[in-house]
Amino acid sequence: MENLQDKILNLVRSICLKKEEIQAIEGTSPDVEFLLMESLKLEENKRYGECVDTLQVVLDVTWEELNTGHWSLVPDFQRAIYSVTSLLKVIALAQQAITSSDDCQTSLLQQAIKTADMGLLLGISHREQLTKAAKILSEAVTQFQLPVSGARTSKDRNTPELKVPAVEIPILHSPSLETFSSQHFYPRKPVKISGCMTHWPALRLWEDLQYLLTVAGSRTVPVELGSNYAQSDWSQRLMTLREFISLYITNPTSDSKDIGYLAQHQLFDQVPELRKDIFVPDYCACSEEEGEVDINAWFGPPGTLSPLHHDPKHNLLCQVVGHKRVVLYSPSDTDCLYPHEGRLLSNTARVDPEAPDYKLYPKYRNTQAITCQLNPGDMLYIPPTWWHHVRALDLSFSVSFWWT
């Protein structure tokens, strides 16, 4: 691996952690602090394998803390410990890689990349350093990986035909902010917008799977497995983007249980190289209160879907690759859509617009849907609390922008 040693040594120098940073984390138990300090000594003495093992003990202990109770109740200091420990392990693995045989180098670097990604996914601090490490190490590994074999998935031949009363959504071509805000944002009326994404590099770049693999193939991402999150067969699994594309994009099965969906993931915070390919739409400037714009990726084969649900924020769903069918219902139809009982799925309807059971849900007959097909370069404005059901008609990559 040409120049790999120099790259890693420069990386280590640029993100070197000092013991004062560890001691500054309030709430750290004496045992965890001891192990972290011990890892610094082992790294200084170039005992990288022992250093990695020591840090893994801390990660295992912290993992248990992070996965006990609801995620929102996890103390920030536990996430800070996970970040710091992940960064220390990345440094140790990277240095272990350049002192190992060629056969072991790639495996160790892949472990380092995954560790950095886990630190980004679960941690709360040192994001810039973890991002930098993941980028540099990913570039080193990617150049030695072969392209993913297999053909891209085609259109979904099993797309159910809608059999519900519906009207088509209104369409605006590059509306002004004043028009958008007065006619749709403040009245809270959905609209399809065309002609506002022509300057996005993603429109020409993301069609190429090899581009996505080159930029982010080695990065670890959460993938949803199963028909959709409201079903009993649903689960999640961490895998690299390369694994995801190989298993679910170029070599898919026809079984819905084997559908994989990279859904509602803040991929662009994790991989800033992809963030450069998109732009926050100007319409997000229409705001009722101050706050950040949440940007999420939705990438998957034909047949992936989000069941009928609503969200608390304004949403611009931007279609980059492929086509999606969206079915929308007004908040005034909520009672007729039979939301699930209980807190976890209270924003999700029991009615399936693609196969409605009128005997079980008789009031559903009183609704009228709005339908929309999203093509590459289209945006769909979905106001807060508007119900929407989304199905990918072919290989699809969408980006959503949520704001208040």
# chains A, B, ... in the order shown; residues from 1 in each chain; ligands from 1
call {"tool": "residues_around", "arguments": {"residues": "Leu66 in chain A", "least_positions_apart": "3", "cutoff": "12 Å", "atoms": "only C-alpha atoms", "output": "PyMOL selection string"}}
result
chain A and resi 59-63+69-83+121-124
call {"tool": "write_last_selection", "arguments": {"atoms": "N, CA, C and O atoms", "output": "compact mmCIF listing (two decimals), in the first residue's frame"}}
result
# COMPACT_ATOMS: atom_id res chain seq x y z
N LEU A 59 -15.16 -0.32 25.45
CA LEU A 59 -16.26 -0.20 24.49
C LEU A 59 -17.39 -1.17 24.82
O LEU A 59 -18.58 -0.82 24.72
N ASP A 60 -17.03 -2.38 25.24
CA ASP A 60 -18.05 -3.38 25.59
C ASP A 60 -18.87 -2.93 26.80
O ASP A 60 -20.10 -3.05 26.83
N VAL A 61 -18.17 -2.40 27.81
CA VAL A 61 -18.85 -1.93 29.02
C VAL A 61 -19.76 -0.75 28.68
O VAL A 61 -20.92 -0.68 29.11
N THR A 62 -19.24 0.19 27.90
CA THR A 62 -20.02 1.38 27.54
C THR A 62 -21.19 1.02 26.64
O THR A 62 -22.27 1.61 26.73
N TRP A 63 -20.99 0.04 25.75
CA TRP A 63 -22.08 -0.42 24.89
C TRP A 63 -23.28 -0.86 25.72
O TRP A 63 -24.43 -0.56 25.38
N GLY A 69 -32.20 0.92 28.61
CA GLY A 69 -33.21 1.97 28.65
C GLY A 69 -33.35 2.68 27.32
O GLY A 69 -32.75 2.29 26.31
N HIS A 70 -34.16 3.74 27.31
CA HIS A 70 -34.41 4.49 26.08
C HIS A 70 -33.19 5.33 25.70
O HIS A 70 -32.51 5.89 26.56
N TRP A 71 -32.91 5.41 24.39
CA TRP A 71 -31.72 6.11 23.91
C TRP A 71 -31.67 7.57 24.39
O TRP A 71 -30.60 8.09 24.71
N SER A 72 -32.82 8.23 24.46
CA SER A 72 -32.85 9.64 24.86
C SER A 72 -32.42 9.85 26.31
O SER A 72 -32.09 10.97 26.71
N LEU A 73 -32.43 8.77 27.10
CA LEU A 73 -32.07 8.88 28.52
C LEU A 73 -30.61 8.54 28.80
O LEU A 73 -30.16 8.60 29.94
N VAL A 74 -29.85 8.18 27.74
CA VAL A 74 -28.43 7.85 27.93
C VAL A 74 -27.66 9.12 28.31
O VAL A 74 -27.75 10.13 27.61
N PRO A 75 -26.91 9.11 29.41
CA PRO A 75 -26.14 10.30 29.80
C PRO A 75 -25.10 10.66 28.75
O PRO A 75 -24.48 9.79 28.14
N ASP A 76 -24.89 11.95 28.56
CA ASP A 76 -23.93 12.41 27.55
C ASP A 76 -22.52 11.93 27.84
O ASP A 76 -21.74 11.67 26.90
N PHE A 77 -22.17 11.78 29.12
CA PHE A 77 -20.79 11.37 29.42
C PHE A 77 -20.51 9.95 28.93
O PHE A 77 -19.37 9.64 28.56
N GLN A 78 -21.54 9.10 28.93
CA GLN A 78 -21.33 7.74 28.41
C GLN A 78 -21.05 7.77 26.91
O GLN A 78 -20.19 7.04 26.41
N ARG A 79 -21.76 8.62 26.20
CA ARG A 79 -21.52 8.76 24.77
C ARG A 79 -20.15 9.41 24.51
O ARG A 79 -19.48 9.08 23.54
N ALA A 80 -19.74 10.31 25.39
CA ALA A 80 -18.42 10.93 25.26
C ALA A 80 -17.32 9.88 25.46
O ALA A 80 -16.31 9.88 24.75
N ILE A 81 -17.51 9.01 26.44
CA ILE A 81 -16.55 7.93 26.67
C ILE A 81 -16.45 7.04 25.44
O ILE A 81 -15.36 6.64 25.01
N TYR A 82 -17.62 6.74 24.85
CA TYR A 82 -17.61 5.88 23.65
C TYR A 82 -16.85 6.56 22.51
O TYR A 82 -16.10 5.90 21.78
N SER A 83 -17.03 7.85 22.35
CA SER A 83 -16.31 8.59 21.29
C SER A 83 -14.81 8.53 21.50
O SER A 83 -14.05 8.21 20.58
N LEU A 121 -21.66 7.08 15.07
CA LEU A 121 -23.06 6.71 15.19
C LEU A 121 -23.56 6.78 16.63
O LEU A 121 -24.70 7.19 16.89
N LEU A 122 -22.71 6.40 17.58
CA LEU A 122 -23.15 6.29 18.98
C LEU A 122 -22.55 7.34 19.90
O LEU A 122 -23.08 7.57 20.98
N GLY A 123 -21.44 7.93 19.48
CA GLY A 123 -20.76 8.89 20.34
C GLY A 123 -21.32 10.29 20.22
O GLY A 123 -22.28 10.55 19.51
N ILE A 124 -20.66 11.22 20.94
CA ILE A 124 -21.17 12.59 20.96
C ILE A 124 -20.05 13.62 20.81
O ILE A 124 -20.32 14.81 20.63
call {"tool": "closest_residue", "arguments": {"among": "A:Val148, A:Leu317, A:Leu213, A:Ala166", "to": "Thr250 in chain A", "atoms": "only C-alpha atoms"}}
result
A:Val148
call {"tool": "atom_distance", "arguments": {"atom1": "CA of Leu162 in chain A", "atom2": "CA of His323 in chain A"}}
result
16.1 Å
call {"tool": "closest_atom_pairs", "arguments": {"of": "range 281-384 of chain A", "to": "range 196-206 of chain A", "cutoff": "8 Å", "atoms": "only C-alpha atoms", "output": "Markdown table"}}
result
| residue | atom | partner | partner_atom | distance |
| --- | --- | --- | --- | --- |
| A:Pro281 | CA | A:Cys196 | CA | 7.9 |
| A:Val320 | CA | A:Leu203 | CA | 5.4 |
| A:Val321 | CA | A:Trp206 | CA | 6.9 |
| A:Pro376 | CA | A:Leu203 | CA | 7.3 |
| A:Gly377 | CA | A:Met197 | CA | 5.3 |
| A:Asp378 | CA | A:Met197 | CA | 7.3 |
| A:Met379 | CA | A:Cys196 | CA | 7.9 |
call {"tool": "atom_distance", "arguments": {"atom1": "CA of Val390 in chain A", "atom2": "CA of Glu354 in chain A"}}
result
10.7 Å
call {"tool": "residues_around", "arguments": {"residues": "range 52-58 of chain A", "least_positions_apart": "4", "cutoff": "7 Å", "atoms": "only C-alpha atoms", "output": "list in words"}}
result
Val32, Leu35, Leu36, Ser39, Tyr48, Thr62, Thr85, Lys89, Ala92 and Leu93 of chain A
call {"tool": "select_by_dssp", "arguments": {"residues": "range 97-301 of chain A", "states": "helix (DSSP H, G or I)", "output": "PyMOL selection string"}}
result
chain A and resi 97-98+102-122+127-142+177-185+202-205+209-216+241-249+256-258+267-270+272-275+282-285
call {"tool": "closest_atom_pairs", "arguments": {"of": "range 45-132 of chain A", "to": "range 239-244 of chain A", "cutoff": "12 Å", "atoms": "only C-alpha atoms", "output": "JSON lines"}}
result
{"residue": "A:Gln110", "atom": "CA", "partner": "A:Thr240", "partner_atom": "CA", "distance": 9.7}
{"residue": "A:Gln111", "atom": "CA", "partner": "A:Thr240", "partner_atom": "CA", "distance": 11.2}
{"residue": "A:Ile113", "atom": "CA", "partner": "A:Thr240", "partner_atom": "CA", "distance": 9.8}
{"residue": "A:Lys114", "atom": "CA", "partner": "A:Thr240", "partner_atom": "CA", "distance": 8.2}
{"residue": "A:Thr115", "atom": "CA", "partner": "A:Thr240", "partner_atom": "CA", "distance": 11.9}
{"residue": "A:Asp117", "atom": "CA", "partner": "A:Thr240", "partner_atom": "CA", "distance": 9.9}
{"residue": "A:Met118", "atom": "CA", "partner": "A:Met239", "partner_atom": "CA", "distance": 11.0}
call {"tool": "write_last_selection", "arguments": {"atoms": "N, CA and C atoms", "output": "PDB file, in the first residue's frame"}}
result
ATOM      1  N   GLN A 110      -9.924  -2.016   8.009  1.00  0.00           N
ATOM      2  CA  GLN A 110     -11.379  -2.119   7.978  1.00  0.00           C
ATOM      3  C   GLN A 110     -11.961  -2.083   9.385  1.00  0.00           C
ATOM      4  N   GLN A 111     -11.278  -2.731  10.332  1.00  0.00           N
ATOM      5  CA  GLN A 111     -11.710  -2.657  11.729  1.00  0.00           C
ATOM      6  C   GLN A 111     -11.647  -1.224  12.245  1.00  0.00           C
ATOM      7  N   ILE A 113     -11.881   1.550  10.441  1.00  0.00           N
ATOM      8  CA  ILE A 113     -12.951   2.339   9.817  1.00  0.00           C
ATOM      9  C   ILE A 113     -14.277   2.081  10.521  1.00  0.00           C
ATOM     10  N   LYS A 114     -14.578   0.805  10.783  1.00  0.00           N
ATOM     11  CA  LYS A 114     -15.826   0.468  11.474  1.00  0.00           C
ATOM     12  C   LYS A 114     -15.852   1.086  12.869  1.00  0.00           C
ATOM     13  N   THR A 115     -14.716   1.056  13.549  1.00  0.00           N
ATOM     14  CA  THR A 115     -14.645   1.645  14.890  1.00  0.00           C
ATOM     15  C   THR A 115     -14.922   3.139  14.833  1.00  0.00           C
ATOM     16  N   ASP A 117     -16.700   4.702  12.556  1.00  0.00           N
ATOM     17  CA  ASP A 117     -18.118   4.880  12.247  1.00  0.00           C
ATOM     18  C   ASP A 117     -18.994   4.627  13.465  1.00  0.00           C
ATOM     19  N   MET A 118     -18.653   3.620  14.256  1.00  0.00           N
ATOM     20  CA  MET A 118     -19.431   3.362  15.463  1.00  0.00           C
ATOM     21  C   MET A 118     -19.310   4.524  16.439  1.00  0.00           C
TER      22      MET A 118
END
call {"tool": "closest_atom_pairs", "arguments": {"of": "range 80-157 of chain A", "to": "range 263-274 of chain A", "cutoff": "10 Å", "atoms": "only C-alpha atoms", "output": "CSV"}}
result
residue,atom,partner,partner_atom,distance
A:Ala116,CA,A:Gln270,CA,9.8
A:Asp117,CA,A:Gln270,CA,7.4
A:Leu120,CA,A:Gln270,CA,6.7
A:Leu121,CA,A:Gln270,CA,7.8
A:Arg127,CA,A:Gln270,CA,8.8
A:Glu128,CA,A:Gln270,CA,9.9
A:Leu130,CA,A:Gln270,CA,9.3
A:Thr131,CA,A:Gln270,CA,6.8
A:Lys132,CA,A:Val271,CA,9.6
A:Ala134,CA,A:Val271,CA,8.7
A:Lys135,CA,A:Val271,CA,7.8
call {"tool": "residues_around", "arguments": {"residues": "range 371-373 of chain A", "least_positions_apart": "5", "cutoff": "6 Å", "atoms": "only C-alpha atoms", "output": "list in words"}}
result
Glu168, Ile169, Lys324, Arg325, Val326 and Val327 of chain A
call {"tool": "write_last_selection", "arguments": {"atoms": "N, CA and C atoms", "output": "compact mmCIF listing (two decimals), in the first residue's frame"}}
result
# COMPACT_ATOMS: atom_id res chain seq x y z
N GLU A 168 -54.47 13.87 -8.09
CA GLU A 168 -53.04 14.09 -8.25
C GLU A 168 -52.62 15.37 -7.56
N ILE A 169 -51.40 15.37 -7.10
CA ILE A 169 -50.86 16.51 -6.37
C ILE A 169 -50.61 17.69 -7.31
N LYS A 324 -40.38 7.15 -7.02
CA LYS A 324 -41.17 6.74 -5.86
C LYS A 324 -42.62 7.15 -6.04
N ARG A 325 -43.51 6.35 -5.49
CA ARG A 325 -44.92 6.70 -5.44
C ARG A 325 -45.27 7.07 -4.00
N VAL A 326 -45.90 8.22 -3.86
CA VAL A 326 -46.27 8.71 -2.54
C VAL A 326 -47.79 8.90 -2.49
N VAL A 327 -48.41 8.40 -1.44
CA VAL A 327 -49.84 8.58 -1.19
C VAL A 327 -49.98 9.42 0.08
call {"tool": "residues_around", "arguments": {"residues": "range 2-8 of chain A", "least_positions_apart": "3", "cutoff": "9 Å", "atoms": "only C-alpha atoms", "output": "MDAnalysis selection string"}}
result
chainID A and resid 11:13 91 94:95 97:99 133 136:137 140
call {"tool": "select_by_dssp", "arguments": {"residues": "range 131-380 of chain A", "states": "strand (DSSP E)", "output": "number ranges by chain"}}
result
A: 166-168, 171-173, 191-194, 220-225, 235-240, 260-265, 294-300, 305-309, 314-321, 324-329, 369-374, 379-380
call {"tool": "atom_distance", "arguments": {"atom1": "CA of Cys16 in chain A", "atom2": "CA of Asn67 in chain A"}}
result
28.5 Å
